[in-house]
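input-v2.cif (mmCIF, C-alpha atoms and all ligand atoms) appears below.
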```cif
data_my_file
loop_
_atom_site.label_atom_id
_atom_site.label_comp_id
_atom_site.auth_asym_id
_atom_site.auth_seq_id
_atom_site.Cartn_x
_atom_site.Cartn_y
_atom_site.Cartn_z
CA MET A 1 -23.38 -21.40 -5.30
CA THR A 2 -19.79 -20.18 -5.54
CA GLN A 3 -18.27 -19.91 -2.10
CA LEU A 4 -16.52 -16.56 -2.20
CA LEU A 5 -15.08 -16.83 1.30
CA ARG A 6 -13.84 -20.40 1.36
CA ASP A 7 -10.87 -20.48 3.80
CA ALA A 8 -11.75 -17.02 5.19
CA LYS A 9 -11.94 -16.40 8.94
CA ALA A 10 -14.09 -13.39 9.65
CA PHE A 11 -14.84 -11.24 12.70
CA ILE A 12 -17.83 -8.89 12.64
CA THR A 13 -18.67 -6.23 15.21
CA GLY A 14 -22.32 -5.38 15.77
CA GLY A 15 -23.30 -8.84 14.54
CA GLY A 16 -26.46 -8.95 16.64
CA ILE A 17 -28.88 -7.35 14.20
CA SER A 18 -29.31 -5.61 10.86
CA VAL A 19 -26.22 -5.35 8.62
CA GLY A 20 -23.91 -7.03 11.13
CA ARG A 21 -26.15 -10.05 11.47
CA ALA A 22 -26.66 -10.20 7.69
CA CYS A 23 -22.84 -10.30 7.32
CA VAL A 24 -22.65 -13.21 9.77
CA GLU A 25 -25.28 -15.15 7.78
CA LEU A 26 -23.97 -14.31 4.30
CA PHE A 27 -20.32 -14.95 5.15
CA LEU A 28 -21.21 -18.36 6.61
CA GLU A 29 -23.18 -19.14 3.46
CA HIS A 30 -20.07 -18.32 1.45
CA GLY A 31 -17.92 -20.77 3.35
CA ALA A 32 -16.19 -18.55 5.93
CA GLN A 33 -15.71 -19.34 9.57
CA VAL A 34 -17.37 -16.45 11.41
CA ALA A 35 -17.15 -14.85 14.84
CA PHE A 36 -19.02 -11.75 15.93
CA LEU A 37 -19.36 -9.36 18.83
CA ASP A 38 -22.30 -7.32 20.10
CA ILE A 39 -23.06 -5.41 23.29
CA ARG A 40 -26.53 -6.99 23.57
CA ALA A 41 -26.40 -10.44 25.18
CA ASP A 42 -29.90 -11.34 23.93
CA ARG A 43 -28.93 -10.63 20.33
CA VAL A 44 -25.66 -12.54 20.64
CA ALA A 45 -27.53 -15.55 22.01
CA ALA A 46 -30.13 -15.40 19.22
CA VAL A 47 -27.58 -15.12 16.40
CA ARG A 48 -25.34 -17.76 17.94
CA GLN A 49 -28.27 -20.14 18.16
CA ALA A 50 -29.53 -19.41 14.64
CA THR A 51 -26.16 -19.57 12.87
CA GLY A 52 -23.67 -21.44 15.05
CA ALA A 53 -21.16 -18.56 14.69
CA HIS A 54 -18.87 -17.79 17.63
CA GLY A 55 -20.54 -14.95 19.53
CA TYR A 56 -19.03 -12.57 22.09
CA VAL A 57 -20.86 -10.13 24.35
CA ALA A 58 -18.66 -7.04 24.63
CA ASP A 59 -18.73 -3.27 24.38
CA LEU A 60 -16.69 -2.21 21.36
CA ALA A 61 -15.47 0.71 23.46
CA ASP A 62 -13.80 -1.68 25.93
CA ARG A 63 -10.33 -2.22 24.47
CA ASP A 64 -9.39 -5.17 26.67
CA ALA A 65 -12.67 -6.97 25.96
CA VAL A 66 -12.34 -6.40 22.21
CA LEU A 67 -8.75 -7.63 22.08
CA ALA A 68 -9.70 -10.68 24.14
CA ALA A 69 -12.65 -11.51 21.87
CA VAL A 70 -10.66 -11.11 18.64
CA ASP A 71 -7.74 -13.18 19.96
CA ASP A 72 -10.05 -15.90 21.24
CA ALA A 73 -11.93 -16.00 17.93
CA ALA A 74 -8.66 -16.23 16.00
CA GLU A 75 -7.57 -19.11 18.19
CA LYS A 76 -10.88 -20.94 17.69
CA MET A 77 -10.94 -20.38 13.91
CA GLY A 78 -7.22 -21.00 13.35
CA GLY A 79 -6.54 -17.38 12.37
CA LEU A 80 -8.30 -14.24 11.19
CA THR A 81 -8.45 -12.83 7.64
CA VAL A 82 -11.50 -10.52 7.57
CA LEU A 83 -12.77 -7.80 9.91
CA VAL A 84 -16.02 -5.92 9.33
CA ASN A 85 -16.78 -3.14 11.82
CA VAL A 86 -20.52 -2.39 11.90
CA ALA A 87 -21.42 -1.66 15.57
CA SER A 88 -22.23 1.97 16.07
CA VAL A 89 -23.99 4.40 18.38
CA THR A 90 -25.82 7.60 17.55
CA GLN A 91 -26.41 10.15 20.29
CA GLY A 92 -27.15 13.81 20.57
CA GLY A 93 -28.60 15.97 17.84
CA ARG A 94 -27.60 19.32 16.43
CA VAL A 95 -24.13 20.55 17.34
CA VAL A 96 -25.51 22.87 20.02
CA ASP A 97 -27.73 20.11 21.49
CA THR A 98 -25.06 17.42 21.88
CA ASN A 99 -23.53 17.24 25.33
CA GLU A 100 -20.10 16.01 26.36
CA ASP A 101 -21.29 12.61 27.60
CA GLN A 102 -23.02 11.94 24.28
CA LEU A 103 -20.00 13.04 22.28
CA ASP A 104 -17.68 10.98 24.49
CA ARG A 105 -19.80 7.86 23.95
CA MET A 106 -19.89 8.35 20.18
CA PHE A 107 -16.11 8.73 20.12
CA ALA A 108 -15.61 5.76 22.46
CA VAL A 109 -17.58 3.37 20.22
CA ASN A 110 -17.39 4.74 16.69
CA VAL A 111 -13.83 6.09 16.71
CA LYS A 112 -11.89 4.26 19.41
CA GLY A 113 -13.91 1.04 19.17
CA TYR A 114 -13.30 0.71 15.42
CA TYR A 115 -9.64 1.41 16.17
CA TRP A 116 -9.41 -1.29 18.87
CA SER A 117 -10.90 -4.07 16.75
CA THR A 118 -8.73 -3.05 13.80
CA GLN A 119 -5.67 -2.97 16.04
CA ALA A 120 -6.57 -6.43 17.33
CA ALA A 121 -7.18 -7.92 13.86
CA ILE A 122 -4.10 -6.65 11.98
CA PRO A 123 -1.46 -8.87 13.66
CA HIS A 124 -3.56 -11.96 12.89
CA MET A 125 -3.94 -10.91 9.24
CA LEU A 126 -0.22 -10.24 8.91
CA ALA A 127 0.45 -13.69 10.38
CA ALA A 128 -2.01 -15.21 7.87
CA GLY A 129 -0.31 -13.37 5.00
CA LYS A 130 -3.59 -11.80 3.84
CA GLY A 131 -6.52 -9.81 5.12
CA SER A 132 -9.39 -7.50 4.36
CA LEU A 133 -10.52 -4.71 6.68
CA VAL A 134 -13.99 -3.25 6.09
CA GLN A 135 -15.07 -0.18 8.05
CA PHE A 136 -18.85 0.10 7.65
CA GLY A 137 -20.08 3.64 7.95
CA SER A 138 -22.63 6.15 6.86
CA VAL A 139 -23.13 8.76 4.18
CA ALA A 140 -23.45 11.07 7.19
CA ALA A 141 -19.63 11.18 6.99
CA THR A 142 -19.82 13.20 3.79
CA HIS A 143 -23.47 14.34 3.57
CA PRO A 144 -24.58 15.40 7.05
CA ALA A 145 -28.28 15.23 7.78
CA TRP A 146 -29.79 17.88 10.03
CA GLY A 147 -29.32 16.95 13.71
CA GLU A 148 -26.99 14.01 13.05
CA SER A 149 -23.78 14.96 14.77
CA TYR A 150 -22.56 11.42 14.37
CA GLY A 151 -21.29 12.25 10.90
CA ILE A 152 -18.26 13.61 12.74
CA VAL A 153 -17.32 10.18 14.09
CA LYS A 154 -18.39 8.30 10.96
CA ALA A 155 -15.91 10.42 8.99
CA SER A 156 -13.09 9.14 11.19
CA GLN A 157 -13.90 5.55 10.17
CA VAL A 158 -13.12 6.44 6.56
CA ALA A 159 -9.81 7.97 7.65
CA LEU A 160 -9.00 4.75 9.53
CA ALA A 161 -9.69 2.70 6.40
CA TYR A 162 -7.37 4.91 4.34
CA GLN A 163 -4.65 4.87 7.00
CA CYS A 164 -4.58 1.06 7.07
CA ALA A 165 -4.72 0.86 3.27
CA MET A 166 -1.45 2.74 3.18
CA GLU A 167 0.27 1.05 6.14
CA TYR A 168 -0.58 -2.64 5.61
CA ALA A 169 -0.92 -3.22 1.84
CA PRO A 170 -0.13 -5.37 -0.02
CA THR A 171 -0.79 -7.99 2.68
CA ILE A 172 -3.99 -6.39 3.93
CA ARG A 173 -6.56 -4.47 1.88
CA SER A 174 -8.55 -1.84 3.73
CA ASN A 175 -11.75 -0.14 2.56
CA ALA A 176 -14.84 1.68 3.79
CA VAL A 177 -18.53 1.38 3.00
CA LEU A 178 -20.83 4.37 3.34
CA CYS A 179 -24.44 3.34 3.42
CA GLY A 180 -27.61 5.35 3.30
CA TRP A 181 -31.02 4.59 4.72
CA ILE A 182 -31.37 0.94 5.90
CA ARG A 183 -34.86 -0.56 5.78
CA ASP A 184 -34.53 -3.29 8.39
CA SER A 185 -32.60 -1.46 11.09
CA PRO A 186 -33.76 -0.38 14.54
CA ALA A 187 -32.62 3.21 14.03
CA SER A 188 -34.66 3.78 10.89
CA ARG A 189 -37.72 1.90 12.08
CA LEU A 190 -39.73 4.71 13.64
CA PRO A 191 -39.65 7.19 10.75
CA GLN A 192 -40.72 4.39 8.40
CA THR A 193 -43.92 3.95 10.41
CA ILE A 194 -44.97 7.58 9.82
CA PRO A 195 -46.03 7.86 6.15
CA GLU A 196 -46.21 11.64 6.12
CA LEU A 197 -42.55 11.73 7.14
CA ILE A 198 -41.13 8.86 5.11
CA ASP A 199 -43.09 9.17 1.86
CA PRO A 200 -41.44 12.42 0.68
CA VAL A 201 -38.01 11.02 1.55
CA LEU A 202 -38.55 7.88 -0.48
CA ALA A 203 -40.13 9.83 -3.33
CA ASP A 204 -36.91 11.87 -3.42
CA HIS A 205 -34.71 8.75 -3.32
CA PRO A 206 -33.61 7.51 -6.76
CA MET A 207 -34.46 3.89 -5.79
CA HIS A 208 -37.67 4.94 -3.96
CA ARG A 209 -36.70 2.57 -1.17
CA ALA A 210 -34.11 2.02 1.52
CA ALA A 211 -31.48 -0.74 1.21
CA THR A 212 -31.94 -4.05 2.97
CA ALA A 213 -29.38 -5.21 5.50
CA MET A 214 -28.64 -8.21 3.25
CA GLU A 215 -27.91 -5.99 0.24
CA LEU A 216 -25.40 -4.09 2.36
CA ALA A 217 -23.87 -7.33 3.61
CA GLY A 218 -23.39 -8.14 -0.09
CA THR A 219 -21.20 -5.05 -0.46
CA CYS A 220 -19.18 -6.18 2.56
CA LEU A 221 -18.90 -9.67 1.02
CA PHE A 222 -17.45 -8.15 -2.15
CA LEU A 223 -14.83 -6.24 -0.15
CA ALA A 224 -14.05 -9.24 2.05
CA SER A 225 -13.57 -11.59 -0.91
CA ASP A 226 -10.90 -11.88 -3.59
CA LEU A 227 -13.37 -10.43 -6.10
CA SER A 228 -12.21 -7.02 -4.84
CA GLY A 229 -8.50 -7.94 -5.01
CA ALA A 230 -7.64 -4.66 -6.76
CA VAL A 231 -9.65 -2.49 -4.36
CA ASN A 232 -7.66 -0.87 -1.53
CA GLY A 233 -8.08 2.51 0.14
CA ALA A 234 -11.50 2.95 -1.43
CA THR A 235 -14.94 3.98 -0.25
CA ILE A 236 -17.99 2.27 -1.71
CA VAL A 237 -21.07 4.44 -1.40
CA ALA A 238 -23.92 1.93 -1.08
CA ASP A 239 -26.77 4.39 -0.72
CA GLY A 240 -28.87 3.72 -3.81
CA GLY A 241 -28.09 7.26 -4.93
CA GLN A 242 -29.58 8.87 -1.80
CA THR A 243 -26.84 11.46 -1.57
CA ARG A 244 -27.56 12.67 -5.09
CA THR A 245 -30.95 13.98 -3.91
CA GLN A 246 -30.70 14.41 -0.13
CA GLY A 247 -33.13 17.37 0.16
CA ASN A 248 -36.17 15.66 1.63
CA LEU A 249 -34.08 13.65 4.07
CA ASN A 250 -32.91 16.88 5.64
CA ALA A 251 -36.51 18.11 5.72
CA LEU A 252 -37.43 14.88 7.55
CA MET A 253 -34.65 15.31 10.09
CA GLN A 254 -35.71 18.88 10.72
CA LYS A 255 -39.19 17.64 11.52
CA ILE A 256 -38.13 14.74 13.73
CA GLY A 257 -35.54 16.63 15.80
CA PRO A 258 -37.82 19.30 17.28
CA LEU A 259 -40.67 16.79 17.60
CA PHE A 260 -38.57 14.68 19.95
CA ALA A 261 -37.07 17.68 21.70
CA LYS A 262 -40.55 18.95 22.58
CA GLU A 263 -41.89 15.54 23.52
CA PRO A 264 -39.37 13.63 25.65
CA ASP A 265 -42.03 10.99 26.37
CA LEU A 266 -42.29 10.16 22.69
CA LEU A 267 -38.53 9.81 22.51
CA ARG A 268 -38.47 7.57 25.60
CA GLN A 269 -41.25 5.43 24.16
CA ASN A 270 -39.40 5.11 20.87
CA ALA A 271 -36.22 4.14 22.70
CA GLN A 272 -38.17 1.42 24.51
CA ASN A 273 -39.64 0.19 21.24
CA LEU A 274 -36.21 0.00 19.69
CA ALA A 275 -34.78 -1.80 22.71
CA ALA A 276 -37.53 -4.41 22.37
CA VAL A 277 -36.77 -5.21 18.74
CA THR A 278 -35.52 -8.74 18.24
CA PRO A 279 -33.38 -9.88 15.30
CA GLU A 280 -36.24 -12.16 14.23
CA GLU A 281 -38.66 -9.23 14.07
CA LEU A 282 -36.33 -7.20 11.92
CA MET A 283 -34.70 -9.83 9.79
CA GLY A 284 -37.62 -12.21 9.48
CA GLU A 285 -39.50 -10.18 6.89
N1 LIG B 301 -29.88 2.76 10.31
C1 LIG B 301 -29.59 3.44 9.20
O1 LIG B 301 -30.48 3.80 8.42
C2 LIG B 301 -28.14 3.73 8.89
C3 LIG B 301 -27.85 4.71 7.93
C4 LIG B 301 -26.54 4.93 7.59
C5 LIG B 301 -25.52 4.21 8.20
N2 LIG B 301 -25.81 3.29 9.14
C6 LIG B 301 -24.70 2.53 9.72
O2 LIG B 301 -24.98 1.15 9.54
C7 LIG B 301 -24.44 0.39 10.62
C8 LIG B 301 -25.55 -0.46 11.21
O3 LIG B 301 -26.51 0.41 11.75
P1 LIG B 301 -27.93 -0.10 12.24
O4 LIG B 301 -28.72 1.16 12.49
O5 LIG B 301 -28.47 -1.07 11.28
O6 LIG B 301 -27.64 -0.89 13.54
P2 LIG B 301 -27.34 -0.33 15.03
O7 LIG B 301 -26.41 0.84 14.89
O8 LIG B 301 -28.60 -0.12 15.75
O9 LIG B 301 -26.62 -1.49 15.77
C9 LIG B 301 -25.90 -2.51 15.18
C10 LIG B 301 -25.52 -3.48 16.29
O10 LIG B 301 -24.42 -2.91 17.01
C11 LIG B 301 -24.60 -3.19 18.38
N3 LIG B 301 -23.86 -2.23 19.20
C12 LIG B 301 -24.21 -0.95 19.47
N4 LIG B 301 -23.29 -0.40 20.29
C13 LIG B 301 -22.35 -1.34 20.51
C14 LIG B 301 -21.16 -1.37 21.27
N5 LIG B 301 -20.76 -0.32 21.97
N6 LIG B 301 -20.43 -2.50 21.29
C15 LIG B 301 -20.83 -3.58 20.61
N7 LIG B 301 -21.96 -3.63 19.88
C16 LIG B 301 -22.72 -2.51 19.82
C17 LIG B 301 -26.11 -3.13 18.61
O11 LIG B 301 -26.50 -3.86 19.76
C18 LIG B 301 -26.66 -3.73 17.32
O12 LIG B 301 -26.92 -5.11 17.45
C19 LIG B 301 -23.84 1.39 11.58
O13 LIG B 301 -22.45 1.47 11.35
C20 LIG B 301 -24.53 2.70 11.23
O14 LIG B 301 -23.73 3.81 11.51
C21 LIG B 301 -27.10 3.05 9.51
#
```
Can you turn what I pasted into structure tokens?
Ligand SMILES: NC(=O)c1ccc[n+]([C@@H]2O[C@H](COP(=O)([O-])OP(=O)(O)OC[C@H]3O[C@@H](n4cnc5c(N)ncnc54)[C@H](O)[C@@H]3O)[C@@H](O)[C@H]2O)c1
Amino acid sequence: MTQLLRDAKAFITGGGISVGRACVELFLEHGAQVAFLDIRADRVAAVRQATGAHGYVADLADRDAVLAAVDDAAEKMGGLTVLVNVASVTQGGRVVDTNEDQLDRMFAVNVKGYYWSTQAAIPHMLAAGKGSLVQFGSVAATHPAWGESYGIVKASQVALAYQCAMEYAPTIRSNAVLCGWIRDSPASRLPQTIPELIDPVLADHPMHRAATAMELAGTCLFLASDLSGAVNGATIVADGGQTRTQGNLNALMQKIGPLFAKEPDLLRQNAQNLAAVTPEELMGE
């Protein structure tokens, strides 16, 4: 197989599961040296053991910890040429239901956290004489789903990609990915277990299925590699066409939101289920 990332040194945030972990695996397969960060120590340990990548346990919102992890990774790998930001948190619901703590946390991770890792990576890329920044986001940035206030912070990730595309080219290319529904992700797991909720959404979806984490890692691989040498300041919408027909997704969100609001126990139970998911469970299919 052609090694698209031979000589690349990549850092991935949210590498513990789903798209982030798939990036770790795919980038290694393509010849890169890889380091990753995740807030969950159990996931970091599992991915480190399975792949041999350098793993760091840190909260993306913690600027000092992020800078320390990126610098240490660059030292271990002999530089840094690729950053993919995937780690993300979703809190709150409709605009009127989202409190200040929830909004603060979403800004701390999704806005400031993406900023900190980008800030940490750029000097290493400039020193290397090349680099690719990939801000992984959501179609919620442009096509809000009912009760998903996090579109507000996902939109800022696109702005960060564009800002860097202007400030650091031609040495560094900077792009964003907006993805739709992910099949093997903790966040989308519950709705997929309720056929009466998910079936109309998938029937409405041009591909009739959600994307796999590995397919989305493939989009990140393209942007990280020289194959995308002419792509800078762009957004790739990797949603299988979901945003062309988003009607039933909004209907789904309108059903789920009030269901959880009325039944806090169900929400708690779901949160526990999600917390118990292991990378093997999700990625092993
Ligand atoms: N799940 C979906 O269907 C969906 C849809 C559209 C976009 N997205 C986007 O795809 C990306 C991956 O989402 P996902 O739902 O697959 O995974 P996720 O958002 O559940 O988590 C990815 C990883 O990030 C880690 N993480 C969370 N907060 C962190 C923090 N503060 N510091 C460090 N690590 C942290 C988690 O432990 C996890 O291992 C996110 O950027 C998300 O916004 C997801």
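Take the candidates A:Leu60, A:Ala128, A:Met214, A:Ala234 and check each one against ligand LIG 301 (chain B) using all atoms listed in the file; the shortest distance goes to A:Leu60.
When atom CA of A:Thr235 is paired with atom C11 of ligand LIG 301 (chain B), their separation reads 22.2 Å.
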Taking all atoms listed in the file into account, report as a compact mmCIF listing (two decimals) with C-alpha atoms, keeping the file's coordinate frame which residues have an atom no farther than 6 Å from an atom of ligand LIG 301 (chain B).
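Saved as selection-v4.txt:
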```
# COMPACT_ATOMS: atom_id res chain seq x y z
CA GLY A 14 -22.32 -5.38 15.77
CA GLY A 15 -23.30 -8.84 14.54
CA GLY A 16 -26.46 -8.95 16.64
CA ILE A 17 -28.88 -7.35 14.20
CA SER A 18 -29.31 -5.61 10.86
CA VAL A 19 -26.22 -5.35 8.62
CA ASP A 38 -22.30 -7.32 20.10
CA ILE A 39 -23.06 -5.41 23.29
CA ARG A 40 -26.53 -6.99 23.57
CA ALA A 58 -18.66 -7.04 24.63
CA ASP A 59 -18.73 -3.27 24.38
CA LEU A 60 -16.69 -2.21 21.36
CA ALA A 61 -15.47 0.71 23.46
CA VAL A 86 -20.52 -2.39 11.90
CA ALA A 87 -21.42 -1.66 15.57
CA SER A 88 -22.23 1.97 16.07
CA VAL A 89 -23.99 4.40 18.38
CA VAL A 109 -17.58 3.37 20.22
CA PHE A 136 -18.85 0.10 7.65
CA GLY A 137 -20.08 3.64 7.95
CA SER A 138 -22.63 6.15 6.86
CA CYS A 179 -24.44 3.34 3.42
CA GLY A 180 -27.61 5.35 3.30
CA TRP A 181 -31.02 4.59 4.72
CA ILE A 182 -31.37 0.94 5.90
CA SER A 185 -32.60 -1.46 11.09
CA PRO A 186 -33.76 -0.38 14.54
CA ALA A 187 -32.62 3.21 14.03
CA SER A 188 -34.66 3.78 10.89
```
Residues of stretch 117-214 of chain A at most 10 Å from stretch 102-105 of chain A: nearest atom pair and distance in Å, only C-alpha atoms, as CSV:
```
residue,atom,partner,partner_atom,distance
A:Ser149,CA,A:Leu103,CA,8.6
A:Tyr150,CA,A:Leu103,CA,8.5
A:Ile152,CA,A:Leu103,CA,9.7
A:Val153,CA,A:Leu103,CA,9.1
```
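For the pair atom CA of A:Thr171 and atom CA of A:Leu227, the interatomic distance is 15.5 Å.
Of the residues listed (A:Gly92, A:Gly131, A:Gly113, A:Gly240), A:Gly113 shows the shortest atom-to-atom separation from A:Ala65; distances use only C-alpha atoms.
Minimum atom-to-atom distances from A:Leu26, A:Leu83, A:Met125, A:Ala140 to A:Leu249 were compared using only C-alpha atoms, and the lowest value belongs to A:Ala140.
The coordinates place atom CA of A:Leu5 at 17.3 Å from atom CA of A:Ala121.
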Pick out the residues sitting within 10 Å of A:Thr245, and hand them over as an MDAnalysis selection string; count all atoms listed in the file, and ignore anything fewer than 4 positions along from it in its own chain.
chainID A and resid 201 204:206 241 249
Place a sphere of radius 12 Å on (-7.3, -10.9, 18.5) in the file coordinates and name every protein, DNA or RNA residue with an atom inside or on its surface, counting only C-alpha atoms; give the answer as a PyMOL selection string.
chain A and resi 9-11+35+63-83+116-127
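The nearest approach to A:Ala145 among the residues A:Cys23, A:Arg94, A:Pro200, A:Leu223, with all atoms listed in the file taken into account, belongs to A:Arg94.
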Counting only C-alpha atoms, which residues of stretch 195-267 of chain A fall within 10 Å of stretch 163-168 of chain A, and what is the closest atom pair for each with its distance in Å at one decimal, ordered by chain and rising number, as JSON lines?
```
{"residue": "A:Val231", "atom": "CA", "partner": "A:Ala165", "partner_atom": "CA", "distance": 9.7}
{"residue": "A:Asn232", "atom": "CA", "partner": "A:Ala165", "partner_atom": "CA", "distance": 5.9}
{"residue": "A:Gly233", "atom": "CA", "partner": "A:Ala165", "partner_atom": "CA", "distance": 4.9}
{"residue": "A:Ala234", "atom": "CA", "partner": "A:Ala165", "partner_atom": "CA", "distance": 8.5}
```
Output C-alpha atoms for every residue in that selection, as a PDB file, in the coordinates of the input.
```pdb
ATOM      1  CA  VAL A 231      -9.650  -2.490  -4.360  1.00  0.00           C
ATOM      2  CA  ASN A 232      -7.660  -0.870  -1.530  1.00  0.00           C
ATOM      3  CA  GLY A 233      -8.080   2.510   0.140  1.00  0.00           C
ATOM      4  CA  ALA A 234     -11.500   2.950  -1.430  1.00  0.00           C
TER       5      ALA A 234
END
```
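Distance check against A:Glu215 using all atoms listed in the file: of A:Gly20, A:Gly31, A:Gly52, A:Gly93, the minimum falls on A:Gly20.
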Please determine, counting only C-alpha atoms, which residue among A:Ile12, A:Gln254, A:Gly229, A:Asp239 has the shortest atom-to-atom distance to A:Ser174.
A:Gly229
For A:Asp199, find every residue with an atom within 12 Å (counting only C-alpha atoms), except residues of its own chain fewer than 3 positions away, and show them as an mmCIF file with C-alpha atoms, keeping the file's coordinate frame.
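Dumped everything to around_6.cif:
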```cif
data_model
loop_
_atom_site.group_PDB
_atom_site.id
_atom_site.type_symbol
_atom_site.label_atom_id
_atom_site.label_comp_id
_atom_site.auth_asym_id
_atom_site.auth_seq_id
_atom_site.Cartn_x
_atom_site.Cartn_y
_atom_site.Cartn_z
ATOM 1 C CA PRO A 191 -39.650 7.190 10.750
ATOM 2 C CA GLN A 192 -40.720 4.390 8.400
ATOM 3 C CA THR A 193 -43.920 3.950 10.410
ATOM 4 C CA ILE A 194 -44.970 7.580 9.820
ATOM 5 C CA PRO A 195 -46.030 7.860 6.150
ATOM 6 C CA GLU A 196 -46.210 11.640 6.120
ATOM 7 C CA LEU A 202 -38.550 7.880 -0.480
ATOM 8 C CA ALA A 203 -40.130 9.830 -3.330
ATOM 9 C CA ASP A 204 -36.910 11.870 -3.420
ATOM 10 C CA HIS A 205 -34.710 8.750 -3.320
ATOM 11 C CA HIS A 208 -37.670 4.940 -3.960
ATOM 12 C CA ARG A 209 -36.700 2.570 -1.170
ATOM 13 C CA ALA A 210 -34.110 2.020 1.520
ATOM 14 C CA ASN A 248 -36.170 15.660 1.630
ATOM 15 C CA LEU A 249 -34.080 13.650 4.070
ATOM 16 C CA ALA A 251 -36.510 18.110 5.720
ATOM 17 C CA LEU A 252 -37.430 14.880 7.550
#
```
Just so I have it separately, write stretch 29-40 of chain A from the block I sent, keeping N, CA and C atoms, as a PDB file, in the first residue's frame.
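Once written, decode.pdb looks like this:
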```pdb
ATOM      1  N   GLU A  29      -0.725   3.367   9.828  1.00  0.00           N
ATOM      2  CA  GLU A  29      -0.691   2.461   8.673  1.00  0.00           C
ATOM      3  C   GLU A  29      -0.037   3.135   7.472  1.00  0.00           C
ATOM      4  N   HIS A  30      -0.215   4.456   7.378  1.00  0.00           N
ATOM      5  CA  HIS A  30       0.341   5.188   6.240  1.00  0.00           C
ATOM      6  C   HIS A  30       1.723   5.760   6.530  1.00  0.00           C
ATOM      7  N   GLY A  31       2.367   5.240   7.555  1.00  0.00           N
ATOM      8  CA  GLY A  31       3.785   5.538   7.748  1.00  0.00           C
ATOM      9  C   GLY A  31       4.109   6.711   8.638  1.00  0.00           C
ATOM     10  N   ALA A  32       3.093   7.369   9.225  1.00  0.00           N
ATOM     11  CA  ALA A  32       3.374   8.523  10.095  1.00  0.00           C
ATOM     12  C   ALA A  32       3.819   8.057  11.475  1.00  0.00           C
ATOM     13  N   GLN A  33       4.546   8.925  12.145  1.00  0.00           N
ATOM     14  CA  GLN A  33       4.684   8.781  13.599  1.00  0.00           C
ATOM     15  C   GLN A  33       3.457   9.491  14.181  1.00  0.00           C
ATOM     16  N   VAL A  34       2.872   8.911  15.236  1.00  0.00           N
ATOM     17  CA  VAL A  34       1.610   9.475  15.729  1.00  0.00           C
ATOM     18  C   VAL A  34       1.616   9.627  17.247  1.00  0.00           C
ATOM     19  N   ALA A  35       1.125  10.772  17.704  1.00  0.00           N
ATOM     20  CA  ALA A  35       0.858  10.996  19.125  1.00  0.00           C
ATOM     21  C   ALA A  35      -0.599  11.436  19.244  1.00  0.00           C
ATOM     22  N   PHE A  36      -1.197  11.184  20.370  1.00  0.00           N
ATOM     23  CA  PHE A  36      -2.598  11.574  20.540  1.00  0.00           C
ATOM     24  C   PHE A  36      -2.869  11.937  21.990  1.00  0.00           C
ATOM     25  N   LEU A  37      -3.972  12.624  22.173  1.00  0.00           N
ATOM     26  CA  LEU A  37      -4.367  13.085  23.509  1.00  0.00           C
ATOM     27  C   LEU A  37      -5.847  12.750  23.706  1.00  0.00           C
ATOM     28  N   ASP A  38      -6.210  12.413  24.919  1.00  0.00           N
ATOM     29  CA  ASP A  38      -7.625  12.201  25.245  1.00  0.00           C
ATOM     30  C   ASP A  38      -7.797  12.444  26.739  1.00  0.00           C
ATOM     31  N   ILE A  39      -8.990  12.849  27.135  1.00  0.00           N
ATOM     32  CA  ILE A  39      -9.242  13.116  28.553  1.00  0.00           C
ATOM     33  C   ILE A  39      -9.443  11.817  29.331  1.00  0.00           C
ATOM     34  N   ARG A  40      -9.786  10.735  28.646  1.00  0.00           N
ATOM     35  CA  ARG A  40     -10.085   9.466  29.315  1.00  0.00           C
ATOM     36  C   ARG A  40      -8.844   8.583  29.382  1.00  0.00           C
TER      37      ARG A  40
END
```
